[in-house]
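Source file: data_25.txt. Holds: compact mmCIF, C-alpha atoms.
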# COMPACT_ATOMS: atom_id res chain seq x y z
CA LYS A 1 265.52 141.21 230.94
CA ALA A 2 265.93 144.55 232.74
CA GLY A 3 267.98 144.49 235.93
CA VAL A 4 267.10 145.87 239.33
CA THR A 5 266.31 149.56 239.07
CA GLN A 6 266.78 151.99 241.94
CA THR A 7 265.65 155.59 241.88
CA PRO A 8 266.82 158.19 242.41
CA ARG A 9 270.54 157.61 241.87
CA TYR A 10 271.59 160.55 244.02
CA LEU A 11 269.74 162.46 246.69
CA ILE A 12 270.64 165.37 248.94
CA LYS A 13 268.53 166.09 252.00
CA THR A 14 268.89 168.09 255.19
CA ARG A 15 268.64 166.88 258.76
CA GLY A 16 265.11 166.33 259.96
CA GLN A 17 263.65 165.72 256.50
CA GLN A 18 262.30 162.40 255.36
CA VAL A 19 263.17 160.48 252.21
CA THR A 20 261.67 157.70 250.11
CA LEU A 21 263.78 155.45 247.91
CA SER A 22 262.38 153.15 245.25
CA CYS A 23 263.43 149.73 244.01
CA SER A 24 261.97 147.86 241.03
CA PRO A 25 263.04 144.21 241.01
CA ILE A 26 263.75 142.02 238.03
CA SER A 27 260.50 140.95 236.40
CA GLY A 28 259.20 137.81 238.09
CA HIS A 29 261.25 138.25 241.25
CA ARG A 30 259.12 138.28 244.38
CA SER A 31 261.67 139.13 247.06
CA VAL A 32 263.32 142.51 247.66
CA SER A 33 265.92 143.19 250.33
CA TRP A 34 267.55 146.47 251.33
CA TYR A 35 271.05 147.25 252.55
CA GLN A 36 272.94 150.26 253.86
CA GLN A 37 276.61 150.76 252.98
CA THR A 38 278.81 153.29 254.78
CA PRO A 39 282.61 153.64 254.87
CA GLY A 40 282.59 153.05 258.63
CA GLN A 41 280.13 150.17 259.02
CA GLY A 42 280.35 148.56 255.60
CA LEU A 43 277.29 146.73 254.31
CA GLN A 44 274.42 146.12 256.71
CA PHE A 45 271.10 144.39 256.18
CA LEU A 46 268.04 146.63 256.58
CA PHE A 47 264.99 144.51 255.74
CA GLU A 48 263.53 141.96 253.38
CA TYR A 49 260.11 141.79 251.79
CA PHE A 50 258.44 138.84 250.14
CA SER A 51 254.94 138.89 248.66
CA GLU A 52 254.20 142.27 250.29
CA THR A 53 255.18 141.03 253.77
CA GLN A 54 258.24 142.04 255.75
CA ARG A 55 259.95 138.76 256.45
CA ASN A 56 263.07 139.98 258.21
CA LYS A 57 264.49 143.17 259.68
CA GLY A 58 267.99 144.28 260.60
CA ASN A 59 269.07 146.25 263.66
CA PHE A 60 268.04 149.71 262.58
CA PRO A 61 265.84 152.24 264.43
CA GLY A 62 262.16 152.58 263.67
CA ARG A 63 262.90 155.64 261.51
CA PHE A 64 263.76 153.16 258.80
CA SER A 65 260.72 151.51 257.26
CA GLY A 66 259.72 149.93 254.03
CA ARG A 67 256.97 148.30 252.08
CA GLN A 68 256.41 146.16 249.05
CA PHE A 69 253.61 146.52 246.54
CA SER A 70 251.62 143.84 244.72
CA ASN A 71 253.87 144.24 241.64
CA SER A 72 256.89 143.48 243.89
CA ARG A 73 258.25 147.02 243.66
CA SER A 74 259.52 148.20 247.02
CA GLU A 75 260.09 151.49 248.75
CA MET A 76 262.05 152.33 251.83
CA ASN A 77 261.49 155.41 253.91
CA VAL A 78 263.75 157.15 256.38
CA SER A 79 262.11 159.76 258.58
CA THR A 80 263.78 162.49 260.62
CA LEU A 81 267.06 162.18 258.77
CA GLU A 82 270.33 162.32 260.70
CA LEU A 83 273.82 163.06 259.39
CA GLY A 84 274.74 159.43 260.03
CA ASP A 85 272.11 158.27 257.55
CA SER A 86 274.35 159.44 254.71
CA ALA A 87 275.10 156.23 252.86
CA LEU A 88 274.69 154.17 249.73
CA TYR A 89 271.39 152.33 249.92
CA LEU A 90 271.25 149.17 247.86
CA CYS A 91 268.39 146.89 247.10
CA ALA A 92 268.54 143.36 245.75
CA SER A 93 265.91 141.09 244.31
CA SER A 94 265.61 137.34 244.13
CA LEU A 95 263.13 134.92 242.66
CA GLU A 96 261.93 133.59 245.97
CA GLN A 97 262.66 134.23 249.63
CA THR A 98 266.34 135.03 249.93
CA THR A 99 267.46 132.14 252.14
CA ASN A 100 269.10 130.10 249.40
CA GLU A 101 268.68 132.38 246.45
CA LYS A 102 271.19 134.30 244.35
CA LEU A 103 270.79 138.05 244.83
CA PHE A 104 270.66 140.60 242.03
CA PHE A 105 271.65 144.09 243.16
CA GLY A 106 270.67 147.50 241.89
CA SER A 107 273.18 150.32 241.43
CA GLY A 108 272.09 151.98 244.64
CA THR A 109 270.90 155.39 245.80
CA GLN A 110 273.59 157.64 247.23
CA LEU A 111 271.97 159.67 250.01
CA SER A 112 273.75 162.69 251.45
CA VAL A 113 272.30 164.33 254.56
CA LEU A 114 273.52 167.87 255.20
CA LYS B 1 285.21 140.40 266.96
CA ASN B 2 283.25 140.53 263.71
CA GLU B 3 281.18 137.50 262.84
CA VAL B 4 282.64 137.53 259.31
CA GLU B 5 286.34 138.25 258.83
CA GLN B 6 288.07 138.67 255.49
CA SER B 7 291.76 138.68 254.66
CA PRO B 8 293.64 140.39 253.34
CA GLN B 9 291.99 143.82 253.52
CA ASN B 10 294.01 145.05 250.56
CA LEU B 11 295.70 143.10 247.82
CA THR B 12 297.88 144.22 244.94
CA ALA B 13 298.81 141.88 242.13
CA GLN B 14 300.46 141.83 238.73
CA GLU B 15 298.39 140.74 235.76
CA GLY B 16 298.46 136.96 235.41
CA GLU B 17 299.00 136.20 239.10
CA PHE B 18 296.91 133.69 241.05
CA ILE B 19 294.91 135.40 243.79
CA THR B 20 293.30 134.06 246.95
CA ILE B 21 290.91 135.92 249.23
CA ASN B 22 289.86 134.32 252.49
CA CYS B 23 286.69 134.50 254.56
CA SER B 24 286.21 133.10 258.06
CA TYR B 25 282.98 133.18 260.01
CA SER B 26 281.95 132.33 263.54
CA VAL B 27 278.22 131.61 263.22
CA GLY B 28 276.18 128.75 261.83
CA ILE B 29 275.22 129.47 258.26
CA SER B 30 272.89 128.19 255.59
CA ALA B 31 274.81 129.76 252.69
CA LEU B 32 277.81 131.94 251.88
CA HIS B 33 277.93 134.55 249.11
CA TRP B 34 280.87 136.08 247.30
CA LEU B 35 280.11 139.51 245.89
CA GLN B 36 282.07 141.87 243.66
CA GLN B 37 281.74 145.65 243.90
CA HIS B 38 283.27 147.98 241.34
CA PRO B 39 283.80 151.73 241.90
CA GLY B 40 280.44 153.42 241.48
CA GLY B 41 278.72 151.01 243.83
CA GLY B 42 277.13 148.28 241.76
CA ILE B 43 277.37 144.81 243.32
CA VAL B 44 277.44 141.58 241.38
CA SER B 45 276.86 138.22 243.00
CA LEU B 46 279.67 135.87 241.98
CA PHE B 47 278.83 132.71 243.91
CA MET B 48 276.44 131.30 246.45
CA LEU B 49 277.79 128.24 248.27
CA SER B 50 276.51 125.91 250.93
CA SER B 51 279.13 123.20 250.44
CA GLY B 52 282.06 122.15 248.28
CA LYS B 53 283.37 124.14 245.38
CA LYS B 54 282.05 126.18 242.45
CA LYS B 55 283.82 127.45 239.35
CA HIS B 56 282.88 130.13 236.88
CA GLY B 57 285.44 131.06 234.27
CA ARG B 58 288.63 132.13 236.05
CA LEU B 59 286.91 132.28 239.44
CA ILE B 60 286.75 129.42 241.92
CA ALA B 61 285.04 129.47 245.30
CA THR B 62 285.41 126.84 247.99
CA ILE B 63 283.86 126.39 251.39
CA ASN B 64 284.75 124.19 254.36
CA ILE B 65 281.73 124.09 256.64
CA GLN B 66 283.54 122.28 259.48
CA GLU B 67 286.32 124.87 259.57
CA LYS B 68 283.93 127.78 258.90
CA HIS B 69 286.12 129.05 256.11
CA SER B 70 285.74 129.97 252.46
CA SER B 71 288.20 131.05 249.79
CA LEU B 72 287.78 132.88 246.51
CA HIS B 73 290.47 132.20 243.94
CA ILE B 74 291.13 134.16 240.77
CA THR B 75 293.35 132.48 238.22
CA ALA B 76 295.28 134.50 235.59
CA SER B 77 294.21 137.81 237.15
CA HIS B 78 293.45 140.76 234.89
CA PRO B 79 293.19 144.52 235.55
CA ARG B 80 289.42 144.28 235.04
CA ASP B 81 289.31 142.06 238.16
CA SER B 82 290.19 145.16 240.22
CA ALA B 83 287.28 145.61 242.61
CA VAL B 84 286.22 145.06 246.20
CA TYR B 85 285.32 141.45 246.96
CA ILE B 86 282.84 140.93 249.78
CA CYS B 87 282.00 137.75 251.64
CA ALA B 88 278.52 137.50 253.16
CA VAL B 89 276.97 134.69 255.19
CA ARG B 90 273.31 133.80 255.72
CA HIS B 91 272.86 133.29 259.48
CA LEU B 92 271.30 129.89 260.08
CA ASP B 93 269.00 131.04 262.92
CA THR B 94 268.05 134.61 261.98
CA ASP B 95 268.26 134.19 258.19
CA LYS B 96 269.91 137.61 258.02
CA LEU B 97 272.82 138.35 255.71
CA ILE B 98 276.02 139.36 257.54
CA PHE B 99 278.78 140.97 255.53
CA GLY B 100 282.54 140.97 255.79
CA THR B 101 284.39 144.26 255.43
CA GLY B 102 285.65 143.43 251.96
CA THR B 103 288.99 142.91 250.24
CA ARG B 104 290.17 145.64 247.89
CA LEU B 105 292.00 144.07 244.94
CA GLN B 106 294.10 146.02 242.46
CA VAL B 107 295.59 144.21 239.49
CA PHE B 108 298.24 146.08 237.54
CA PRO B 109 299.20 145.39 233.91

So, in terms of structure tokens, how does the structure I just supplied come out?
Amino acid sequence: KAGVTQTPRYLIKTRGQQVTLSCSPISGHRSVSWYQQTPGQGLQFLFEYFSETQRNKGNFPGRFSGRQFSNSRSEMNVSTLELGDSALYLCASSLEQTTNEKLFFGSGTQLSVL
Amino acid sequence: KNEVEQSPQNLTAQEGEFITINCSYSVGISALHWLQQHPGGGIVSLFMLSSGKKKHGRLIATINIQEKHSSLHITASHPRDSAVYICAVRHLDTDKLIFGTGTRLQVFP
């Protein structure tokens, strides 16, 4: 079974641009969650989607958004990029809603904002 | 004060040593995760606990709900165990995952 796939692996953008990251979960998994990892703040929860519905959201500004498609693939979007958005963005999938489920992580997208 | 605290922050060991990493939390939780992150970023989920103890190979994880504390033990450590180990708790009320800052482990031959 293929693991969680995140694309692209690396991305360089400039301030003010917008970016879309993609996450394909393990086949059969219906939940996708997103996380931001920076050297200063560590890992932080962004949002979680289950059956195309956002079920939870972390404390991030409205510039961060996401969605999930009927095939469970998910995208996250960051608009009006700021230097501080430079980070490793990780997604994880689980069979059901994440509350008591093991998470399977992708390799992440390394975003650099110049 | 962070809601999830890990200790130590850094740990160096000789191959074969017994290793313990600790995690303390201050919120009510429904589950606790231990994660492993190797250089390059990929994260692997090692354990998910809501009570008691779990064992997988040389790894053992325990949790004491009353004391709000969990430990990850590695027996007979090996250089391939070198990684960052992260504790994360599922907040009982918000259902959000809150992460510790990680413990960087280096095991030398």

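Across the structure, CA of Glu5 (chain B) and CA of Gly66 (chain A) are spaced 29.5 Å apart.
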
- request: Show which residues sit within 12 Å of His69 (chain B), as number ranges by chain. Count all atoms listed in the file, and ignore same-chain residues fewer than 6 positions away.
  value: B: 3-7, 21-29, 31-32, 49-52, 61-63, 87-89

message: Give me, as a count of residues only, all polymer residues having an atom no more than 6 Å from region 73-88 of chain A, counting all atoms listed in the file and skipping those fewer than 4 positions away in the same chain.
response: 25

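Checking B:Gly102, B:Gly57, B:Pro8, B:Pro79 one by one against Leu35 (chain B), counting all atoms listed in the file, you find the shortest gap at B:Gly102.
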
query: When the cut-off is 9 Å and we count only C-alpha atoms, which residues of chain B are near chain A, given as a ChimeraX atom specification?
result: /B:30-31,33,40-50,90,94-102

- request: Could you jot down the CA of Ile60 (chain B) to CA of Gly3 (chain A) separation for me, Å, one decimal place?
  value: 24.8 Å

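With CA of Leu72 (chain B) on one side and CA of Pro109 (chain B) on the other, the separation reads 21.1 Å.
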
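Minimum atom-to-atom distance to Ile19 (chain B), evaluated using all atoms listed in the file, belongs to B:Thr75 out of B:Gln36, B:Thr75, B:Ser70, B:Asn64.
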
Output: region 53-79 of chain A of the preceding structure, restricted to N, CA and C atoms, written as a PDB file, in the first residue's frame.
ATOM      1  N   THR A  53     -15.195  17.621   5.064  1.00  0.00           N
ATOM      2  CA  THR A  53     -15.601  18.672   5.991  1.00  0.00           C
ATOM      3  C   THR A  53     -14.452  19.018   6.925  1.00  0.00           C
ATOM      4  N   GLN A  54     -14.229  20.298   7.151  1.00  0.00           N
ATOM      5  CA  GLN A  54     -13.222  20.696   8.124  1.00  0.00           C
ATOM      6  C   GLN A  54     -13.774  20.438   9.510  1.00  0.00           C
ATOM      7  N   ARG A  55     -13.083  19.545  10.253  1.00  0.00           N
ATOM      8  CA  ARG A  55     -13.636  19.195  11.553  1.00  0.00           C
ATOM      9  C   ARG A  55     -12.939  19.899  12.700  1.00  0.00           C
ATOM     10  N   ASN A  56     -11.765  20.484  12.419  1.00  0.00           N
ATOM     11  CA  ASN A  56     -11.039  21.168  13.474  1.00  0.00           C
ATOM     12  C   ASN A  56     -10.032  22.118  12.836  1.00  0.00           C
ATOM     13  N   LYS A  57      -9.705  23.191  13.558  1.00  0.00           N
ATOM     14  CA  LYS A  57      -8.780  24.180  13.012  1.00  0.00           C
ATOM     15  C   LYS A  57      -7.877  24.677  14.131  1.00  0.00           C
ATOM     16  N   GLY A  58      -6.610  24.846  13.827  1.00  0.00           N
ATOM     17  CA  GLY A  58      -5.660  25.390  14.788  1.00  0.00           C
ATOM     18  C   GLY A  58      -5.694  26.908  14.793  1.00  0.00           C
ATOM     19  N   ASN A  59      -4.792  27.497  15.562  1.00  0.00           N
ATOM     20  CA  ASN A  59      -4.766  28.951  15.738  1.00  0.00           C
ATOM     21  C   ASN A  59      -3.882  29.620  14.697  1.00  0.00           C
ATOM     22  N   PHE A  60      -4.322  29.596  13.482  1.00  0.00           N
ATOM     23  CA  PHE A  60      -3.597  30.227  12.391  1.00  0.00           C
ATOM     24  C   PHE A  60      -4.506  31.254  11.733  1.00  0.00           C
ATOM     25  N   PRO A  61      -3.898  32.301  11.115  1.00  0.00           N
ATOM     26  CA  PRO A  61      -4.740  33.335  10.472  1.00  0.00           C
ATOM     27  C   PRO A  61      -5.508  32.771   9.286  1.00  0.00           C
ATOM     28  N   GLY A  62      -6.487  33.557   8.852  1.00  0.00           N
ATOM     29  CA  GLY A  62      -7.350  33.135   7.757  1.00  0.00           C
ATOM     30  C   GLY A  62      -6.632  32.952   6.424  1.00  0.00           C
ATOM     31  N   ARG A  63      -5.370  33.410   6.343  1.00  0.00           N
ATOM     32  CA  ARG A  63      -4.595  33.207   5.115  1.00  0.00           C
ATOM     33  C   ARG A  63      -4.342  31.726   4.862  1.00  0.00           C
ATOM     34  N   PHE A  64      -4.450  30.952   5.905  1.00  0.00           N
ATOM     35  CA  PHE A  64      -4.255  29.497   5.789  1.00  0.00           C
ATOM     36  C   PHE A  64      -5.628  28.844   5.618  1.00  0.00           C
ATOM     37  N   SER A  65      -5.796  28.130   4.546  1.00  0.00           N
ATOM     38  CA  SER A  65      -7.064  27.453   4.303  1.00  0.00           C
ATOM     39  C   SER A  65      -6.795  26.091   3.683  1.00  0.00           C
ATOM     40  N   GLY A  66      -7.823  25.292   3.656  1.00  0.00           N
ATOM     41  CA  GLY A  66      -7.652  23.976   3.060  1.00  0.00           C
ATOM     42  C   GLY A  66      -8.962  23.438   2.559  1.00  0.00           C
ATOM     43  N   ARG A  67      -8.878  22.290   1.935  1.00  0.00           N
ATOM     44  CA  ARG A  67     -10.087  21.596   1.520  1.00  0.00           C
ATOM     45  C   ARG A  67      -9.771  20.130   1.297  1.00  0.00           C
ATOM     46  N   GLN A  68     -10.812  19.344   1.261  1.00  0.00           N
ATOM     47  CA  GLN A  68     -10.649  17.918   0.988  1.00  0.00           C
ATOM     48  C   GLN A  68     -11.643  17.521  -0.105  1.00  0.00           C
ATOM     49  N   PHE A  69     -11.172  16.709  -1.001  1.00  0.00           N
ATOM     50  CA  PHE A  69     -11.986  16.286  -2.135  1.00  0.00           C
ATOM     51  C   PHE A  69     -12.666  14.944  -1.839  1.00  0.00           C
ATOM     52  N   SER A  70     -13.569  14.558  -2.730  1.00  0.00           N
ATOM     53  CA  SER A  70     -14.350  13.332  -2.507  1.00  0.00           C
ATOM     54  C   SER A  70     -13.470  12.079  -2.492  1.00  0.00           C
ATOM     55  N   ASN A  71     -12.284  12.150  -3.093  1.00  0.00           N
ATOM     56  CA  ASN A  71     -11.371  10.990  -3.068  1.00  0.00           C
ATOM     57  C   ASN A  71     -10.419  11.055  -1.863  1.00  0.00           C
ATOM     58  N   SER A  72     -10.704  11.955  -0.926  1.00  0.00           N
ATOM     59  CA  SER A  72      -9.957  12.169   0.312  1.00  0.00           C
ATOM     60  C   SER A  72      -8.651  12.944   0.143  1.00  0.00           C
ATOM     61  N   ARG A  73      -8.234  13.196  -1.081  1.00  0.00           N
ATOM     62  CA  ARG A  73      -7.059  14.030  -1.280  1.00  0.00           C
ATOM     63  C   ARG A  73      -7.335  15.418  -0.709  1.00  0.00           C
ATOM     64  N   SER A  74      -6.289  16.044  -0.203  1.00  0.00           N
ATOM     65  CA  SER A  74      -6.485  17.356   0.434  1.00  0.00           C
ATOM     66  C   SER A  74      -5.465  18.352  -0.112  1.00  0.00           C
ATOM     67  N   GLU A  75      -5.861  19.580  -0.104  1.00  0.00           N
ATOM     68  CA  GLU A  75      -4.961  20.675  -0.448  1.00  0.00           C
ATOM     69  C   GLU A  75      -5.005  21.715   0.657  1.00  0.00           C
ATOM     70  N   MET A  76      -3.864  22.358   0.882  1.00  0.00           N
ATOM     71  CA  MET A  76      -3.893  23.532   1.734  1.00  0.00           C
ATOM     72  C   MET A  76      -3.331  24.708   0.955  1.00  0.00           C
ATOM     73  N   ASN A  77      -3.858  25.859   1.243  1.00  0.00           N
ATOM     74  CA  ASN A  77      -3.509  27.071   0.528  1.00  0.00           C
ATOM     75  C   ASN A  77      -3.063  28.131   1.525  1.00  0.00           C
ATOM     76  N   VAL A  78      -1.997  28.817   1.188  1.00  0.00           N
ATOM     77  CA  VAL A  78      -1.576  29.964   1.996  1.00  0.00           C
ATOM     78  C   VAL A  78      -1.532  31.164   1.063  1.00  0.00           C
ATOM     79  N   SER A  79      -2.311  32.188   1.375  1.00  0.00           N
ATOM     80  CA  SER A  79      -2.333  33.378   0.533  1.00  0.00           C
ATOM     81  C   SER A  79      -1.458  34.465   1.161  1.00  0.00           C
TER      82      SER A  79
END
